[in-house]
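One structure below.
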Amino acid sequence: MAELARRLPIPERLLPARPVLLVLVAACIFLTVGSSISTLFAQLTVAGVASGVVFGSLGLALVLIYRATEVINFAQGEMAMACVYFAYQLMLWGLSYWAAFFSTLAIAFVFGVVIQQVVIRPVQHRSVIAVVIVTVGLFILIDGLVEWKWGANQRFMPAPFGNQVYRLGGVPVARQQIGTIVIVLVCVLALWAFFRFTKVGLGMRAGALRPEAARLVGVRTNALLAVGWGLAAVLGAVAGLMTEPSQYVLSPTLMQPVLLYAFAAAVLGGLESPGGALVGGIALGVFLNLIGQYWTFVGSVLQLPVAFAALLLVLLVKPTGLFGHRSVRKV
Amino acid sequence: MKRGLAGYVAVAACAVFFALLPFTLSDYHRGIAAQVALYLIAILGLNVLVGYTGQISIGHSAFMAIGGYTTALMSHYHHTNLVATLPLAFAITFVCGVLLGLPALRLSGVYLALATFALAVSVPQLPLKFSKFTGGSAGISANRIVGNTWLYEVAWSAAAVAFVFTWLLLRGRIGRAFRAVRDSEVAATSSGVTLAIYKTLAFGVSAALAGVAGSLFVLATNGFAQPNEFSVTLSLKILIGAAVAGLGSLWGVVIGAAFIALLPTISASAPLIGSTHGQDVVFGAFVILVMLLLPNGVAGLLLRLSRLRARA
């Protein structure tokens with residue numbers, strides 16, 4: 001591994017540019033101060049973080065695929081939704097929640113690999129738009145298949161964390177929110193360690209950044225692309241399984257709004273940066289919660305347009321996202 | 001020159017075909033055929049932007065919504081003649097498209113996709129917020145319901161005008177500039193093409209055509225403009241249609257439009273799965289298959305066929 005790393009110098013940029021970092025720190029201070037003044041503010045912030053990490057983890061799945069193939073996978077949310085249905089089916093067959101949870105992650109991995117090999121690989125070398133259309137087709141196809149098998153009716157799944165509510169310094173925090181945050185963070189850390197410390201992970205980073213060079217030194221980029229799709233599907237499945245309890249019901253449209261926010265989170269973070277997607281997701285989750293509560297004109301109807309308008313403003317100031325770097329292209 | 005002649009003949013044959021078609025169709029089928037025409041206009045618009053200028057957009061459902069609401073509101077409050085609302089929708093969405101094109105100058109690729117996506121998600125929320133004026137989620141209706149024959153005639157006339165308009169626009173100086181922007185922005189700039197003007201122009205024209213399609217869309221749904229009819233799914237549908245038709249060429253648009261307008265109706269009656277879910281399964285599977293088999297859409301296939309004939 002050291003040999004491979006030496007021959008393929010891969011730049012590692014963890015922190016964003018300084019002005020962005022300052023803005024983020026300022027935002028953190030603002031949230032802390034606000035939370036210490038008002039209980040409602042603190043409660044909204046925690047709930048925002050809990051929904052934000054879910055956006056972030058699905059956004060991370062989008063980033064994984066984008067880094068490897070420069071394509072946004074529109075079917076990511078529906079793949080995640082299908083995985084939640086797999087888990088639901090496993091529980092119907094009598095597995096406990098956590099047994100079903102981990103088997104679903106395994107199934108999701110295989111699911112992602114199969115999709116990449118069967119429908120994505122043949123169009124990969126043609127054009128970006130062709131791959132995008134194929135993922136849109138997958139979106140419709142998976143949606144149809146799930147409705148065909150399980151119906152469009154709402155289903156009920158056992159909750160993983162129960163309905164307990166803790167009080168942390170006077171602020172009510174649901175066990176569900178803590179559980180979501182912990183699980184997503186563990187997954188993200190595991191993924192980071194995988195990319196940082198294993199040979200397969202290094203090969204995938206190399207394949208994403210310098211495909212030709214990686215292939216020359218013996219990295220099997222095609223096989224690793226499939227692994228990338230598998231990992232993205234696993235992350236999506238985690239996001240899906242963590243979304244379901246916050247919605248209380250399972251329906252085929254479960255992940256459609258989440259995909260929207262995940263897309264926004266990934267772009268806000270800069271698309272190239274896994275950490276950026278997570279930070280972007282959390283920022284978006286908190287922003288949505290606070291703006292809906294404190295700006296009454298916005299309410300719940302205009303939440304989405306306002307969030308996207310804010311996102312566009314960020315993009316106009318920094319067209320490559322918070323953590324992105326402008327790449328110089330030779331003509 | 002010979003290829004140009006073949007093109008005129010093909011267009012004339014199409015025009016005659018669609019002029020005579022209503023006499024053989026039932027009223028219901030005339031309504032569906034009119035839908036083909038409105039999708040054709042929307043696909044033409046998207047093709048100008050994505051296929052010719054290389055700017056992606058997932059926001060065309062928003063322009064369709066603006067066009068559609070223009071028709072419904074004008075007709076509801078001012079009793080404007082329905083046909084007269086089409087050019088009005090064209091003008092209003094042209095301005096909207098130019099306005100969106102301005103910030104879009106700074107964005108490219110996936111970032112532009114997100115910006116337009118944001119527009120597609122945001123615009124259907126606005127009628128919900130200002131529901132006193134726009135009827136909220138129940139929608140607002142035009143002052144009269146049009147028959148399918150009327151719809152067929154107006155939609156296909158509009159499609160013919162839109163096709164000729166796009167064709168004339170793309171074959172000359174402006175079309176060359178668009179393609180230059182698509183192929184290399186740097187090369188285009190250095191040969192004197194002002195990026196800002198042509199990109200915003202492409203956005204304007206593209207949005208304007210989508211707006212007209214949106215007006216017809218509202219007329220085709222019993223004159224009702226409803227926010228949830230203009231969801232992102234509509235944008236994706238048009239994008240699929242444009243990809244099936246073939247980006248960067250006008251010759252496949254009829255097939256692309258027929259694909260998205262007719263396939264859901266046909267596959268709903270597929271004996272295999274039936275019901276509405278089966279429709280999604282068949283539609284999704286077809287989209288993937290077409291992309292696997294015809295990477296450049298129908299237009300690419302036609303081009304390959306004509307090359308084969310030239311060689312033979």
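Chain identifiers are assigned as A, B, and so on, following the order in which chains appear in the structure tokens; residues are numbered from 1 within each chain, and ligands are numbered from 1 in order of appearance.
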Each chain B residue no farther than 6 Å from chain A, nearest pair in Å, only C-alpha atoms, as a Markdown table:
```
| residue | atom | partner | partner_atom | distance |
| --- | --- | --- | --- | --- |
| B:Ala118 | CA | A:Phe308 | CA | 5.7 |
| B:Ser122 | CA | A:Pro305 | CA | 4.5 |
| B:His277 | CA | A:Gly144 | CA | 4.9 |
| B:Asp280 | CA | A:Gly144 | CA | 4.7 |
| B:Val281 | CA | A:Leu141 | CA | 4.7 |
| B:Gly284 | CA | A:Leu141 | CA | 4.2 |
| B:Val287 | CA | A:Gly137 | CA | 5.3 |
| B:Ile288 | CA | A:Val134 | CA | 5.2 |
```
Query - 12 Å contact set for segment 199-201 of chain A, only C-alpha atoms, chain neighbours under 2 positions out, as a VMD selection string - result: chain A and resid 1 to 5 64 190 to 197 203 to 208 218 to 221 223 to 228 231
Put those residues in a file: N, CA, C and O atoms, as a compact mmCIF listing (two decimals), in the first residue's frame.
```
# COMPACT_ATOMS: atom_id res chain seq x y z
N MET A 1 0.82 -1.20 0.00
CA MET A 1 0.00 0.00 0.00
C MET A 1 0.86 1.26 0.00
O MET A 1 0.57 2.21 -0.74
N ALA A 2 1.91 1.23 0.78
CA ALA A 2 2.79 2.41 0.84
C ALA A 2 3.38 2.65 -0.54
O ALA A 2 3.48 3.80 -1.00
N GLU A 3 3.71 1.57 -1.23
CA GLU A 3 4.28 1.66 -2.56
C GLU A 3 3.31 2.36 -3.52
O GLU A 3 3.66 3.30 -4.23
N LEU A 4 2.04 1.90 -3.46
CA LEU A 4 1.01 2.46 -4.33
C LEU A 4 0.83 3.94 -4.01
O LEU A 4 0.73 4.78 -4.91
N ALA A 5 0.79 4.26 -2.72
CA ALA A 5 0.58 5.65 -2.31
C ALA A 5 1.73 6.52 -2.79
O ALA A 5 1.53 7.67 -3.17
N LEU A 64 -19.84 10.15 -3.64
CA LEU A 64 -19.01 8.98 -3.95
C LEU A 64 -19.09 8.66 -5.43
O LEU A 64 -18.08 8.44 -6.10
N ALA A 190 -16.47 5.12 9.46
CA ALA A 190 -16.03 3.83 8.91
C ALA A 190 -15.64 4.00 7.46
O ALA A 190 -14.61 3.48 7.01
N LEU A 191 -16.44 4.76 6.73
CA LEU A 191 -16.15 4.98 5.32
C LEU A 191 -14.83 5.73 5.15
O LEU A 191 -14.00 5.39 4.30
N TRP A 192 -14.66 6.77 5.99
CA TRP A 192 -13.43 7.56 5.90
C TRP A 192 -12.23 6.66 6.17
O TRP A 192 -11.23 6.69 5.45
N ALA A 193 -12.33 5.81 7.22
CA ALA A 193 -11.22 4.91 7.55
C ALA A 193 -10.96 3.95 6.40
O ALA A 193 -9.81 3.67 6.06
N PHE A 194 -12.05 3.49 5.78
CA PHE A 194 -11.89 2.57 4.64
C PHE A 194 -11.10 3.23 3.52
O PHE A 194 -10.17 2.65 2.96
N PHE A 195 -11.45 4.49 3.22
CA PHE A 195 -10.74 5.17 2.14
C PHE A 195 -9.31 5.52 2.52
O PHE A 195 -8.42 5.56 1.70
N ARG A 196 -9.11 5.77 3.85
CA ARG A 196 -7.82 6.27 4.28
C ARG A 196 -6.83 5.13 4.49
O ARG A 196 -5.66 5.25 4.17
N PHE A 197 -7.30 4.01 5.04
CA PHE A 197 -6.36 3.00 5.54
C PHE A 197 -6.34 1.68 4.78
O PHE A 197 -5.53 0.83 5.07
N GLY A 203 -7.02 2.62 -3.76
CA GLY A 203 -7.20 2.39 -5.19
C GLY A 203 -8.38 3.16 -5.72
O GLY A 203 -8.35 3.73 -6.81
N MET A 204 -9.47 3.23 -4.92
CA MET A 204 -10.65 3.95 -5.38
C MET A 204 -10.40 5.45 -5.47
O MET A 204 -10.82 6.11 -6.41
N ARG A 205 -9.65 5.97 -4.47
CA ARG A 205 -9.33 7.39 -4.54
C ARG A 205 -8.48 7.68 -5.76
O ARG A 205 -8.68 8.66 -6.47
N ALA A 206 -7.51 6.79 -5.98
CA ALA A 206 -6.61 6.97 -7.13
C ALA A 206 -7.41 6.90 -8.43
O ALA A 206 -7.23 7.71 -9.33
N GLY A 207 -8.32 5.92 -8.50
CA GLY A 207 -9.11 5.74 -9.72
C GLY A 207 -9.99 6.94 -10.00
O GLY A 207 -10.25 7.29 -11.14
N ALA A 208 -10.46 7.60 -8.92
CA ALA A 208 -11.32 8.76 -9.11
C ALA A 208 -10.51 9.96 -9.58
O ALA A 208 -10.95 10.72 -10.44
N GLY A 218 -1.71 -0.68 -12.01
CA GLY A 218 -2.34 -1.95 -11.68
C GLY A 218 -3.59 -1.89 -10.84
O GLY A 218 -4.00 -2.90 -10.26
N VAL A 219 -4.22 -0.69 -10.74
CA VAL A 219 -5.49 -0.61 -10.01
C VAL A 219 -6.61 -1.03 -10.95
O VAL A 219 -6.68 -0.55 -12.08
N ARG A 220 -7.45 -1.95 -10.50
CA ARG A 220 -8.54 -2.41 -11.38
C ARG A 220 -9.71 -1.43 -11.26
O ARG A 220 -10.66 -1.65 -10.52
N THR A 221 -9.64 -0.33 -12.03
CA THR A 221 -10.59 0.77 -11.83
C THR A 221 -12.03 0.34 -12.08
O THR A 221 -12.93 0.82 -11.40
N ALA A 223 -13.54 -2.60 -11.64
CA ALA A 223 -14.09 -3.35 -10.51
C ALA A 223 -14.34 -2.41 -9.34
O ALA A 223 -15.35 -2.52 -8.63
N LEU A 224 -13.42 -1.44 -9.16
CA LEU A 224 -13.56 -0.53 -8.02
C LEU A 224 -14.73 0.43 -8.20
O LEU A 224 -15.35 0.86 -7.23
N LEU A 225 -15.06 0.75 -9.46
CA LEU A 225 -16.24 1.59 -9.70
C LEU A 225 -17.49 0.88 -9.17
O LEU A 225 -18.35 1.49 -8.54
N ALA A 226 -17.55 -0.43 -9.44
CA ALA A 226 -18.70 -1.21 -8.96
C ALA A 226 -18.73 -1.20 -7.43
O ALA A 226 -19.81 -1.04 -6.84
N VAL A 227 -17.56 -1.33 -6.79
CA VAL A 227 -17.50 -1.26 -5.33
C VAL A 227 -18.02 0.09 -4.86
O VAL A 227 -18.77 0.18 -3.88
N GLY A 228 -17.63 1.15 -5.59
CA GLY A 228 -18.09 2.49 -5.24
C GLY A 228 -19.61 2.59 -5.26
O GLY A 228 -20.22 3.14 -4.35
N LEU A 231 -20.95 0.78 -2.23
CA LEU A 231 -20.82 1.56 -0.99
C LEU A 231 -21.84 2.70 -0.96
O LEU A 231 -22.45 2.98 0.09
```
Query raised in the report: By how many Å are atom CA of Ala115 of chain B and atom CA of Ala277 of chain A apart?
Result: 16.9 Å
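Nearest-residue note for Met242 of chain A: choosing from A:Phe30, A:Phe156, A:Phe161, A:Phe109, the minimum distance belongs to A:Phe161, counting only C-alpha atoms.
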Requested in this report: Would you mind writing down, as a ChimeraX atom specification, each residue of segment 113-144 of chain B that DSSP on the backbone assigns to helix (DSSP H, G or I)?
Outcome: /B:113-129,131-134,136-138
Report task. Would you mind listing what lies within 8 Å of Gly300 of chain B as an NGL selection string, with only C-alpha atoms counted and same-chain residues fewer than 5 positions away left out? Result -> :B and (246 or 294-295)
So that I have them on file, write out the residues from the current selection with N, CA, C and O atoms, as an mmCIF file, in the first residue's frame.
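That gives us result.cif:
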```
data_model
loop_
_atom_site.group_PDB
_atom_site.id
_atom_site.type_symbol
_atom_site.label_atom_id
_atom_site.label_comp_id
_atom_site.auth_asym_id
_atom_site.auth_seq_id
_atom_site.Cartn_x
_atom_site.Cartn_y
_atom_site.Cartn_z
ATOM 1 N N GLY B 246 -32.847 12.523 -29.412
ATOM 2 C CA GLY B 246 -31.476 12.754 -29.844
ATOM 3 C C GLY B 246 -31.123 14.220 -29.666
ATOM 4 O O GLY B 246 -31.740 15.087 -30.267
ATOM 5 N N LEU B 294 -29.649 2.982 -28.183
ATOM 6 C CA LEU B 294 -29.517 4.147 -29.066
ATOM 7 C C LEU B 294 -28.879 5.304 -28.304
ATOM 8 O O LEU B 294 -29.577 6.187 -27.847
ATOM 9 N N PRO B 295 -27.572 5.312 -28.167
ATOM 10 C CA PRO B 295 -26.939 6.339 -27.345
ATOM 11 C C PRO B 295 -27.218 7.753 -27.834
ATOM 12 O O PRO B 295 -27.268 8.676 -27.052
#
```
Query raised in the report: Rounded to one decimal in Å, what is the spacing between atom CA of Trp229 of chain A and atom CA of Leu58 of chain A?
Result: 12.6 Å
Query - Shell of 9 Å around Thr243 of chain A, only C-alpha atoms, local chain residues under 2 positions omitted, as a ChimeraX atom specification - result: /A:51,54,180,238-241,245-248,254-255,258
Query raised in the report: Which residues come within 7 Å of segment 94-107 of chain B, counting only C-alpha atoms, excluding same-chain residues fewer than 2 positions away, as a list in words?
Result: Leu316 and Pro319 of chain A; Phe90, Ala91, Ile92, Tyr111, Leu112, Ala196, Lys199, Thr200, Leu201, Phe203, Gly204, Val205, Ala207 and Ala208 of chain B
Output N, CA and C atoms of each residue in that selection to a file, as a PDB file, in the first residue's frame.
```pdb
ATOM      1  N   LEU A 316     -23.626  31.415  -6.093  1.00  0.00           N
ATOM      2  CA  LEU A 316     -23.229  32.571  -6.897  1.00  0.00           C
ATOM      3  C   LEU A 316     -21.965  33.203  -6.324  1.00  0.00           C
ATOM      4  N   PRO A 319     -18.982  29.458  -6.752  1.00  0.00           N
ATOM      5  CA  PRO A 319     -19.604  28.546  -7.717  1.00  0.00           C
ATOM      6  C   PRO A 319     -19.184  27.083  -7.575  1.00  0.00           C
TER       7      PRO A 319
ATOM      8  N   PHE B  90     -45.334  32.837 -24.366  1.00  0.00           N
ATOM      9  CA  PHE B  90     -44.019  32.829 -25.011  1.00  0.00           C
ATOM     10  C   PHE B  90     -43.200  34.022 -24.522  1.00  0.00           C
ATOM     11  N   ALA B  91     -43.821  35.209 -24.562  1.00  0.00           N
ATOM     12  CA  ALA B  91     -43.091  36.427 -24.195  1.00  0.00           C
ATOM     13  C   ALA B  91     -42.704  36.402 -22.717  1.00  0.00           C
ATOM     14  N   ILE B  92     -43.657  36.042 -21.855  1.00  0.00           N
ATOM     15  CA  ILE B  92     -43.372  36.078 -20.413  1.00  0.00           C
ATOM     16  C   ILE B  92     -42.281  35.071 -20.046  1.00  0.00           C
ATOM     17  N   TYR B 111     -23.675  22.025 -11.244  1.00  0.00           N
ATOM     18  CA  TYR B 111     -24.140  23.158 -10.449  1.00  0.00           C
ATOM     19  C   TYR B 111     -25.310  23.844 -11.136  1.00  0.00           C
ATOM     20  N   LEU B 112     -25.236  23.920 -12.459  1.00  0.00           N
ATOM     21  CA  LEU B 112     -26.346  24.477 -13.215  1.00  0.00           C
ATOM     22  C   LEU B 112     -27.548  23.553 -13.114  1.00  0.00           C
ATOM     23  N   ALA B 196     -22.054  35.587 -22.915  1.00  0.00           N
ATOM     24  CA  ALA B 196     -23.185  36.034 -22.096  1.00  0.00           C
ATOM     25  C   ALA B 196     -24.437  36.195 -22.948  1.00  0.00           C
ATOM     26  N   LYS B 199     -25.661  32.601 -24.408  1.00  0.00           N
ATOM     27  CA  LYS B 199     -26.169  31.687 -23.373  1.00  0.00           C
ATOM     28  C   LYS B 199     -27.521  32.156 -22.857  1.00  0.00           C
ATOM     29  N   THR B 200     -27.651  33.449 -22.563  1.00  0.00           N
ATOM     30  CA  THR B 200     -28.935  33.929 -22.057  1.00  0.00           C
ATOM     31  C   THR B 200     -29.996  33.848 -23.143  1.00  0.00           C
ATOM     32  N   LEU B 201     -29.601  34.099 -24.401  1.00  0.00           N
ATOM     33  CA  LEU B 201     -30.558  33.975 -25.497  1.00  0.00           C
ATOM     34  C   LEU B 201     -31.075  32.538 -25.585  1.00  0.00           C
ATOM     35  N   PHE B 203     -31.220  30.373 -23.205  1.00  0.00           N
ATOM     36  CA  PHE B 203     -32.118  30.155 -22.070  1.00  0.00           C
ATOM     37  C   PHE B 203     -33.487  30.749 -22.360  1.00  0.00           C
ATOM     38  N   GLY B 204     -33.499  31.964 -22.916  1.00  0.00           N
ATOM     39  CA  GLY B 204     -34.759  32.640 -23.194  1.00  0.00           C
ATOM     40  C   GLY B 204     -35.602  31.876 -24.195  1.00  0.00           C
ATOM     41  N   VAL B 205     -35.006  31.509 -25.320  1.00  0.00           N
ATOM     42  CA  VAL B 205     -35.754  30.810 -26.369  1.00  0.00           C
ATOM     43  C   VAL B 205     -36.264  29.482 -25.843  1.00  0.00           C
ATOM     44  N   ALA B 207     -36.803  28.528 -22.743  1.00  0.00           N
ATOM     45  CA  ALA B 207     -37.869  28.718 -21.760  1.00  0.00           C
ATOM     46  C   ALA B 207     -39.162  29.132 -22.444  1.00  0.00           C
ATOM     47  N   ALA B 208     -39.044  29.989 -23.487  1.00  0.00           N
ATOM     48  CA  ALA B 208     -40.245  30.472 -24.160  1.00  0.00           C
ATOM     49  C   ALA B 208     -41.009  29.310 -24.796  1.00  0.00           C
TER      50      ALA B 208
END
```
